[in-house]
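Visitor: One file is attached below, work-v3.txt, containing compact mmCIF, C-alpha atoms.
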```txt
# COMPACT_ATOMS: atom_id res chain seq x y z
CA MET A 29 13.02 187.16 349.79
CA ARG A 30 16.44 185.55 349.90
CA ARG A 31 16.79 182.26 348.08
CA GLY A 32 13.24 182.53 346.78
CA HIS A 33 11.06 179.87 348.29
CA LEU A 34 13.36 176.91 347.87
CA ASP A 35 13.70 174.45 350.69
CA PRO A 36 16.81 172.24 350.88
CA VAL A 37 15.21 169.44 348.86
CA ASP A 38 14.12 171.91 346.16
CA ARG A 39 17.68 173.17 345.98
CA VAL A 40 19.11 169.72 345.35
CA ILE A 41 16.53 169.16 342.61
CA VAL A 42 17.13 172.52 340.94
CA VAL A 43 20.91 172.19 340.94
CA ALA A 44 20.79 168.62 339.62
CA LEU A 45 18.28 169.33 336.87
CA GLN A 46 19.87 172.55 335.65
CA ARG A 47 22.76 170.37 334.52
CA GLY A 48 20.35 168.43 332.39
CA VAL A 49 17.70 165.79 332.49
CA PRO A 50 19.08 162.36 331.65
CA ILE A 51 17.59 161.06 328.40
CA VAL A 52 16.40 157.77 329.83
CA GLU A 53 13.03 156.14 330.49
CA ARG A 54 12.80 157.32 334.08
CA PRO A 55 14.93 160.45 334.31
CA PHE A 56 13.90 161.32 337.86
CA ALA A 57 14.50 157.88 339.37
CA GLU A 58 18.13 158.37 340.38
CA LEU A 59 17.49 161.82 341.83
CA ALA A 60 14.48 160.53 343.77
CA ALA A 61 16.53 157.67 345.17
CA SER A 62 19.33 160.01 346.24
CA LEU A 63 16.75 162.12 348.07
CA GLU A 64 15.08 159.02 349.54
CA THR A 65 11.81 160.00 347.99
CA THR A 66 9.65 158.94 345.04
CA GLU A 67 9.71 160.08 341.44
CA GLU A 68 6.16 161.35 341.92
CA ALA A 69 7.34 163.56 344.77
CA VAL A 70 10.17 164.98 342.67
CA VAL A 71 7.76 165.67 339.81
CA ALA A 72 5.27 167.32 342.19
CA ARG A 73 7.98 169.64 343.50
CA LEU A 74 9.00 170.54 339.96
CA ALA A 75 5.40 171.35 339.08
CA ARG A 76 5.22 173.64 342.10
CA LEU A 77 8.50 175.40 341.18
CA VAL A 78 7.20 176.01 337.65
CA SER A 79 3.81 177.24 338.90
CA THR A 80 5.41 179.68 341.35
CA GLY A 81 7.65 181.06 338.59
CA LEU A 82 10.98 180.25 340.24
CA VAL A 83 11.69 177.99 337.34
CA SER A 84 10.54 179.20 333.97
CA ARG A 85 10.48 176.01 331.97
CA PHE A 86 11.82 172.59 331.62
CA ALA A 87 13.05 172.58 328.10
CA PRO A 88 15.95 171.85 325.79
CA MET A 89 18.54 174.43 324.90
CA LEU A 90 19.03 174.21 321.19
CA ASP A 91 22.04 175.34 319.25
CA ALA A 92 20.62 177.89 316.81
CA GLU A 93 23.59 177.76 314.51
CA LYS A 94 23.52 173.98 314.21
CA LEU A 95 19.86 174.34 313.25
CA GLY A 96 20.81 176.72 310.46
CA GLY A 97 19.77 179.87 312.29
CA ALA A 98 21.76 182.74 313.72
CA VAL A 99 22.00 184.48 317.09
CA SER A 100 23.67 187.71 318.13
CA LEU A 101 24.03 189.78 321.24
CA CYS A 102 23.16 193.40 320.49
CA ALA A 103 23.37 196.62 322.44
CA MET A 104 21.96 200.11 322.12
CA ALA A 105 22.59 203.38 323.91
CA VAL A 106 19.01 204.47 324.57
CA PRO A 107 18.27 207.93 325.98
CA PRO A 108 16.79 207.31 329.45
CA ASP A 109 13.53 209.07 328.64
CA ARG A 110 13.00 206.72 325.67
CA PHE A 111 14.00 203.53 327.41
CA ASP A 112 10.54 202.08 328.06
CA GLU A 113 9.30 203.06 324.60
CA VAL A 114 12.20 201.25 322.92
CA ALA A 115 11.85 198.23 325.22
CA THR A 116 8.20 197.99 324.20
CA ILE A 117 9.15 198.05 320.51
CA LEU A 118 11.64 195.20 321.05
CA ALA A 119 9.19 193.18 323.12
CA ALA A 120 6.86 193.10 320.12
CA MET A 121 9.53 191.61 317.85
CA PRO A 122 9.59 187.80 317.74
CA GLU A 123 13.35 187.82 316.96
CA VAL A 124 14.17 189.36 320.34
CA ALA A 125 14.80 186.63 322.90
CA HIS A 126 16.10 188.49 325.95
CA ASN A 127 16.30 192.14 326.78
CA TYR A 128 18.11 193.50 329.82
CA GLU A 129 18.74 196.99 331.07
CA ARG A 130 22.36 197.38 332.16
CA GLU A 131 24.17 200.23 333.85
CA HIS A 132 26.34 201.62 331.09
CA ARG A 133 26.16 204.11 328.24
CA PHE A 134 25.07 201.04 326.28
CA ASN A 135 22.11 200.42 328.51
CA MET A 136 19.95 198.04 326.50
CA TRP A 137 21.26 194.54 325.81
CA PHE A 138 19.26 192.02 323.87
CA VAL A 139 19.66 188.76 322.03
CA LEU A 140 18.43 188.46 318.46
CA ALA A 141 17.71 184.98 317.19
CA VAL A 142 16.56 184.26 313.67
CA GLU A 143 15.80 181.23 311.62
CA ARG A 144 18.11 182.16 308.72
CA PRO A 145 21.44 184.04 308.96
CA GLU A 146 20.36 186.57 306.32
CA ASP A 147 17.49 187.65 308.59
CA LEU A 148 19.87 188.99 311.22
CA PRO A 149 21.01 192.16 309.38
CA LYS A 150 17.40 192.71 308.34
CA ALA A 151 16.20 192.58 311.94
CA ILE A 152 18.96 194.98 313.00
CA ALA A 153 18.12 197.39 310.16
CA ARG A 154 14.47 197.29 311.16
CA ILE A 155 15.27 198.08 314.79
CA GLU A 156 17.50 200.96 313.73
CA ALA A 157 14.84 202.32 311.38
CA VAL A 158 12.02 202.09 313.92
CA THR A 159 13.97 203.47 316.89
CA GLY A 160 16.34 205.88 315.11
CA LEU A 161 19.16 204.43 317.26
CA SER A 162 22.18 202.49 316.11
CA VAL A 163 22.66 198.88 317.16
CA LEU A 164 25.97 197.32 318.18
CA ASP A 165 26.02 193.82 316.72
CA LEU A 166 28.24 191.52 318.79
CA PRO A 167 27.96 187.97 317.48
CA LYS A 168 29.75 185.19 319.28
CA LEU A 169 33.15 184.44 317.72
CA GLU A 170 34.21 181.75 320.16
CA GLU A 171 32.50 180.02 323.06
CA TYR A 172 34.62 179.16 326.06
CA ARG A 173 31.82 178.24 328.42
CA LEU A 174 28.10 177.75 328.40
CA GLU A 175 26.88 176.53 331.71
CA LEU A 176 23.76 177.71 333.37
CA VAL A 177 23.96 176.12 336.75
CA LEU A 178 23.22 178.48 339.58
CA PRO A 179 24.39 177.32 342.99
CA VAL A 180 20.99 178.05 344.58
CA MET B 5 22.47 168.78 310.91
CA ALA B 6 19.41 168.34 308.72
CA LEU B 7 16.38 167.72 310.91
CA SER B 8 13.66 165.33 309.85
CA PRO B 9 10.03 166.44 310.23
CA ALA B 10 9.77 164.01 313.14
CA ASP B 11 12.79 165.62 314.83
CA ARG B 12 11.26 169.06 314.40
CA ALA B 13 7.94 167.91 315.80
CA LEU B 14 9.75 166.35 318.74
CA LEU B 15 11.80 169.46 319.49
CA ALA B 16 8.74 171.67 319.16
CA ALA B 17 6.85 169.46 321.63
CA LEU B 18 9.80 169.35 324.01
CA GLU B 19 10.11 173.11 323.79
CA GLU B 20 6.68 173.41 325.38
CA GLY B 21 8.26 171.86 328.41
CA LEU B 22 8.97 168.31 329.42
CA PRO B 23 5.80 166.69 330.79
CA LEU B 24 6.13 166.52 334.57
CA VAL B 25 5.48 162.84 335.07
CA PRO B 26 7.80 159.98 336.03
CA ARG B 27 8.13 158.84 332.40
CA PRO B 28 8.14 162.14 330.51
CA PHE B 29 9.57 160.80 327.26
CA ALA B 30 6.78 158.22 327.01
CA ALA B 31 4.24 161.03 327.56
CA LEU B 32 5.94 163.16 324.94
CA GLY B 33 5.89 160.27 322.47
CA ALA B 34 2.23 159.60 323.13
CA ARG B 35 1.43 163.14 322.02
CA LEU B 36 3.32 162.64 318.76
CA GLY B 37 2.47 159.04 318.00
CA LEU B 38 6.03 157.90 318.76
CA GLY B 39 7.11 155.16 321.12
CA GLU B 40 9.23 155.97 324.17
CA ALA B 41 12.24 154.10 322.74
CA GLU B 42 12.09 156.10 319.51
CA VAL B 43 11.83 159.41 321.40
CA LEU B 44 14.87 158.50 323.50
CA ALA B 45 16.88 157.41 320.45
CA ARG B 46 16.08 160.58 318.50
CA LEU B 47 16.86 162.85 321.44
CA ALA B 48 20.15 161.07 322.08
CA ALA B 49 21.07 161.56 318.41
CA LEU B 50 20.14 165.26 318.53
CA ARG B 51 22.24 165.71 321.61
CA ALA B 52 25.19 163.84 320.09
CA ALA B 53 24.94 166.10 317.03
CA GLY B 54 25.04 169.13 319.29
CA VAL B 55 21.59 170.38 318.26
CA ILE B 56 20.50 170.03 321.87
CA ASN B 57 23.11 171.66 324.08
CA ARG B 58 21.45 170.68 327.28
CA ALA B 59 17.94 169.81 328.32
CA GLY B 60 17.29 170.95 331.80
CA LEU B 61 15.58 173.35 334.08
CA ILE B 62 15.68 176.96 333.06
CA VAL B 63 15.67 179.04 336.22
CA ARG B 64 14.74 182.64 336.82
CA HIS B 65 17.80 184.20 338.39
CA ARG B 66 16.09 187.17 339.98
CA GLU B 67 13.25 185.18 341.46
CA LEU B 68 15.82 182.84 343.01
CA GLY B 69 17.55 185.73 344.75
CA PHE B 70 20.37 186.31 342.24
CA ARG B 71 19.89 190.04 341.80
CA ALA B 72 23.48 191.18 341.31
CA ASN B 73 24.28 189.77 337.89
CA ALA B 74 27.23 191.28 336.12
CA MET B 75 28.36 191.11 332.54
CA VAL B 76 32.13 191.51 332.80
CA VAL B 77 33.73 192.66 329.55
CA LEU B 78 37.48 192.83 328.92
CA ASP B 79 39.72 194.21 326.21
CA VAL B 80 42.28 191.44 325.86
CA PRO B 81 45.08 191.58 323.26
CA ASP B 82 44.08 189.35 320.34
CA ASP B 83 46.99 186.96 320.76
CA GLU B 84 46.03 186.35 324.40
CA LEU B 85 42.29 186.04 323.87
CA GLN B 86 42.04 182.27 323.58
CA ALA B 87 44.17 181.65 326.66
CA ALA B 88 42.32 184.29 328.68
CA GLY B 89 38.91 182.90 327.67
CA THR B 90 39.97 179.40 328.60
CA ARG B 91 41.22 180.54 332.01
CA LEU B 92 38.04 182.51 332.73
CA ALA B 93 35.88 179.60 331.68
CA ARG B 94 37.51 177.44 334.36
CA GLU B 95 36.31 179.77 337.11
CA PRO B 96 33.29 178.12 338.77
CA SER B 97 31.31 181.33 339.16
CA VAL B 98 31.64 182.31 335.49
CA SER B 99 28.55 180.95 333.76
CA LEU B 100 29.06 182.17 330.20
CA CYS B 101 32.24 183.17 328.44
CA TYR B 102 32.46 184.27 324.83
CA ALA B 103 34.77 186.11 322.46
CA ARG B 104 32.92 188.80 320.51
CA PRO B 105 34.10 191.50 318.11
CA ARG B 106 35.22 194.94 319.26
CA ARG B 107 33.37 197.85 317.68
CA PRO B 108 35.81 200.74 317.97
CA PRO B 109 35.60 203.49 318.96
CA LEU B 110 32.30 202.80 320.73
CA TRP B 111 32.99 199.35 322.10
CA PRO B 112 36.58 198.26 322.83
CA TYR B 113 35.87 194.93 324.61
CA ASN B 114 36.30 191.49 323.06
CA LEU B 115 35.88 189.00 325.92
CA PHE B 116 32.48 188.66 327.63
CA SER B 117 31.57 186.72 330.74
CA MET B 118 28.71 186.54 333.23
CA VAL B 119 29.08 186.38 337.00
CA HIS B 120 25.99 185.92 339.19
CA GLY B 121 25.61 186.96 342.80
CA ARG B 122 23.02 187.82 345.37
CA GLU B 123 24.25 191.30 346.14
CA ARG B 124 26.40 193.78 344.34
CA ARG B 125 29.37 194.01 346.69
CA GLU B 126 29.63 190.24 346.84
CA THR B 127 29.58 190.04 343.03
CA LEU B 128 32.21 192.77 342.68
CA ARG B 129 34.47 191.01 345.17
CA GLU B 130 34.09 187.81 343.21
CA VAL B 131 34.83 189.59 339.91
CA HIS B 132 37.97 191.08 341.42
CA ALA B 133 39.08 187.70 342.79
CA ILE B 134 38.50 186.05 339.40
CA LEU B 135 40.53 188.70 337.58
CA MET B 136 43.39 188.32 340.05
CA ARG B 137 43.40 184.52 339.76
CA THR B 138 43.31 184.63 335.96
CA GLY B 139 45.98 187.33 335.67
CA LEU B 140 43.55 189.71 333.99
CA GLU B 141 43.44 192.40 336.68
CA ALA B 142 45.35 194.94 334.58
CA VAL B 143 43.28 194.48 331.40
CA PRO B 144 40.84 197.32 330.54
CA ARG B 145 37.36 196.26 331.55
CA ALA B 146 33.82 197.24 332.39
CA VAL B 147 31.32 195.58 334.73
CA LEU B 148 27.72 195.99 333.60
CA PHE B 149 25.11 195.09 336.20
CA SER B 150 21.65 194.32 334.94
CA THR B 151 18.94 196.43 336.49
CA ARG B 152 15.79 195.22 334.76
CA ARG B 153 14.74 192.30 332.65
CA PHE B 154 12.20 192.93 329.94
CA ILE B 155 11.96 189.65 328.08
CA GLN B 156 13.18 186.20 328.86
CA ARG B 157 11.80 183.73 326.46
CA ALA B 158 13.01 181.18 324.01
CA ALA B 159 13.99 182.51 320.65
CA ARG B 160 11.73 181.29 317.91
CA TYR B 161 12.86 179.03 315.11
CA ALA B 162 9.58 178.17 313.51
CA PRO B 163 8.44 175.52 313.78
CA ILE B 164 10.75 174.84 316.67
CA GLU B 165 12.31 177.12 319.20
CA ALA B 166 15.79 177.55 320.56
CA GLY B 167 16.70 178.79 323.98
CA ALA B 168 19.17 181.54 323.22
CA ALA B 169 21.21 181.40 326.38
CA GLU B 170 23.49 184.23 325.64
CA THR B 171 23.10 186.62 328.54
CA PRO B 172 20.94 185.40 331.38
CA ALA B 173 20.02 188.00 334.00
```
What is this file in structure tokens?

Guide:
Amino acid sequence: MRRGHLDPVDRVIVVALQRGVPIVERPFAELAASLETTEEAVVARLARLVSTGLVSRFAPMLDAEKLGGAVSLCAMAVPPDRFDEVATILAAMPEVAHNYEREHRFNMWFVLAVERPEDLPKAIARIEAVTGLSVLDLPKLEEYRLELVLPV
Amino acid sequence: MALSPADRALLAALEEGLPLVPRPFAALGARLGLGEAEVLARLAALRAAGVINRAGLIVRHRELGFRANAMVVLDVPDDELQAAGTRLAREPSVSLCYARPRRPPLWPYNLFSMVHGRERRETLREVHAILMRTGLEAVPRAVLFSTRRFIQRAARYAPIEAGAAETPA
């Protein structure tokens, strides 16, 4: 279904709030006013978007490194007949935050996030031991852009 | 930044999702025994310190119709990397842009970006247009479309969690 189930008002709300919720007493007031509606109506729409799964959560994005943790993007070249098995192994590991199949020889791409930097090589070693596959470890060296605003 | 126990409790509560009421920070504070003003002050400090990158809606790309999501990776000469990353980052349809290490001989690419689209040809056209505009059309590259998503959840940093927004969709 193209554009999910967003109506034009939903779209304005989603675009505005992806950029961030203002840290003020009534963060939805300005948005409600611009839409000529009430804060309660904005909140009700948000609740519906969350309950239908179009929006996963309404939460802060934290900087793992500033919190003393570590994050890395990792990739593996998984034989196609083992793909689901390996994905299931990763899904059971709390350090694995995202896992995507991509069309490439390196077909499994996942983000590892750990509380302490020294846990990162340990998690990678564990994945390599359990799967028998080698892991490409591609930590961020420089960030040029982090913006997650989809023009819905 | 060293987090106080109150900051950790606040981030952990916020991680569950902002309460969907007109005064969400008051509701959050009520759960933790903090006043609204204190919640706002602490969150503003955490954001100023860069611990909170952004606090907003986290959308599900695929469910919203963005099914052609490409990770575009380039092998840029080291002395041009910074300038190339900065140019790519200015492109409106590039959502993430990072320098990462090459792992020769298996992985020759050092500049990573994400481009989202609704259908594959549209995304590829956009990728091509971006590379032309940024003068990167001749650089070795690969475009990796995602085909399935297995996990999308916040990374865990007991007792708080961090949204690891490295490669959406």

Visitor: Quick one: of B:Val98, B:Gln86, B:Leu36, B:Tyr113, who's nearest to B:Glu130, counting only C-alpha atoms?

Guide: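 Using only C-alpha atoms, the shortest distance to B:Glu130 belongs to B:Val98.
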
Visitor: Find the residue from A:Ser100, A:Thr66, A:Gln46, A:Thr116 that sits nearest to chain B; use only C-alpha atoms when measuring.

Guide: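 Counting only C-alpha atoms, the residue closest to chain B is A:Gln46.
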
Visitor: With all atoms listed in the file as the counted atoms, please give the residues lying no more than 7 Å from A:Met104, apart from itself and same-chain residues fewer than 4 positions off, as a PyMOL selection string.

Guide: chain A and resi 134-137+162-164

Visitor: Between atom CA of A:Tyr128 and atom CA of B:Ser150, measure the distance and give it in Å to one decimal.

Guide: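 We find that atom CA of A:Tyr128 and atom CA of B:Ser150 lie 6.3 Å from each other.
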
Visitor: Go through B:Leu14, B:Ala103, B:Arg137, B:Arg46 one by one, measure the shortest atom-to-atom distance of each to B:Leu32 using only C-alpha atoms, and give the residue with the smallest value.

Guide: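 Smallest separation from B:Leu32 among the options: B:Leu14.
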
Visitor: Between A:Val83, A:Leu161, A:Ile51, A:Leu34, which is the closest to B:Ala41 once you count only C-alpha atoms?

Guide: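 With only C-alpha atoms as the atom set, the closest residue is A:Ile51.
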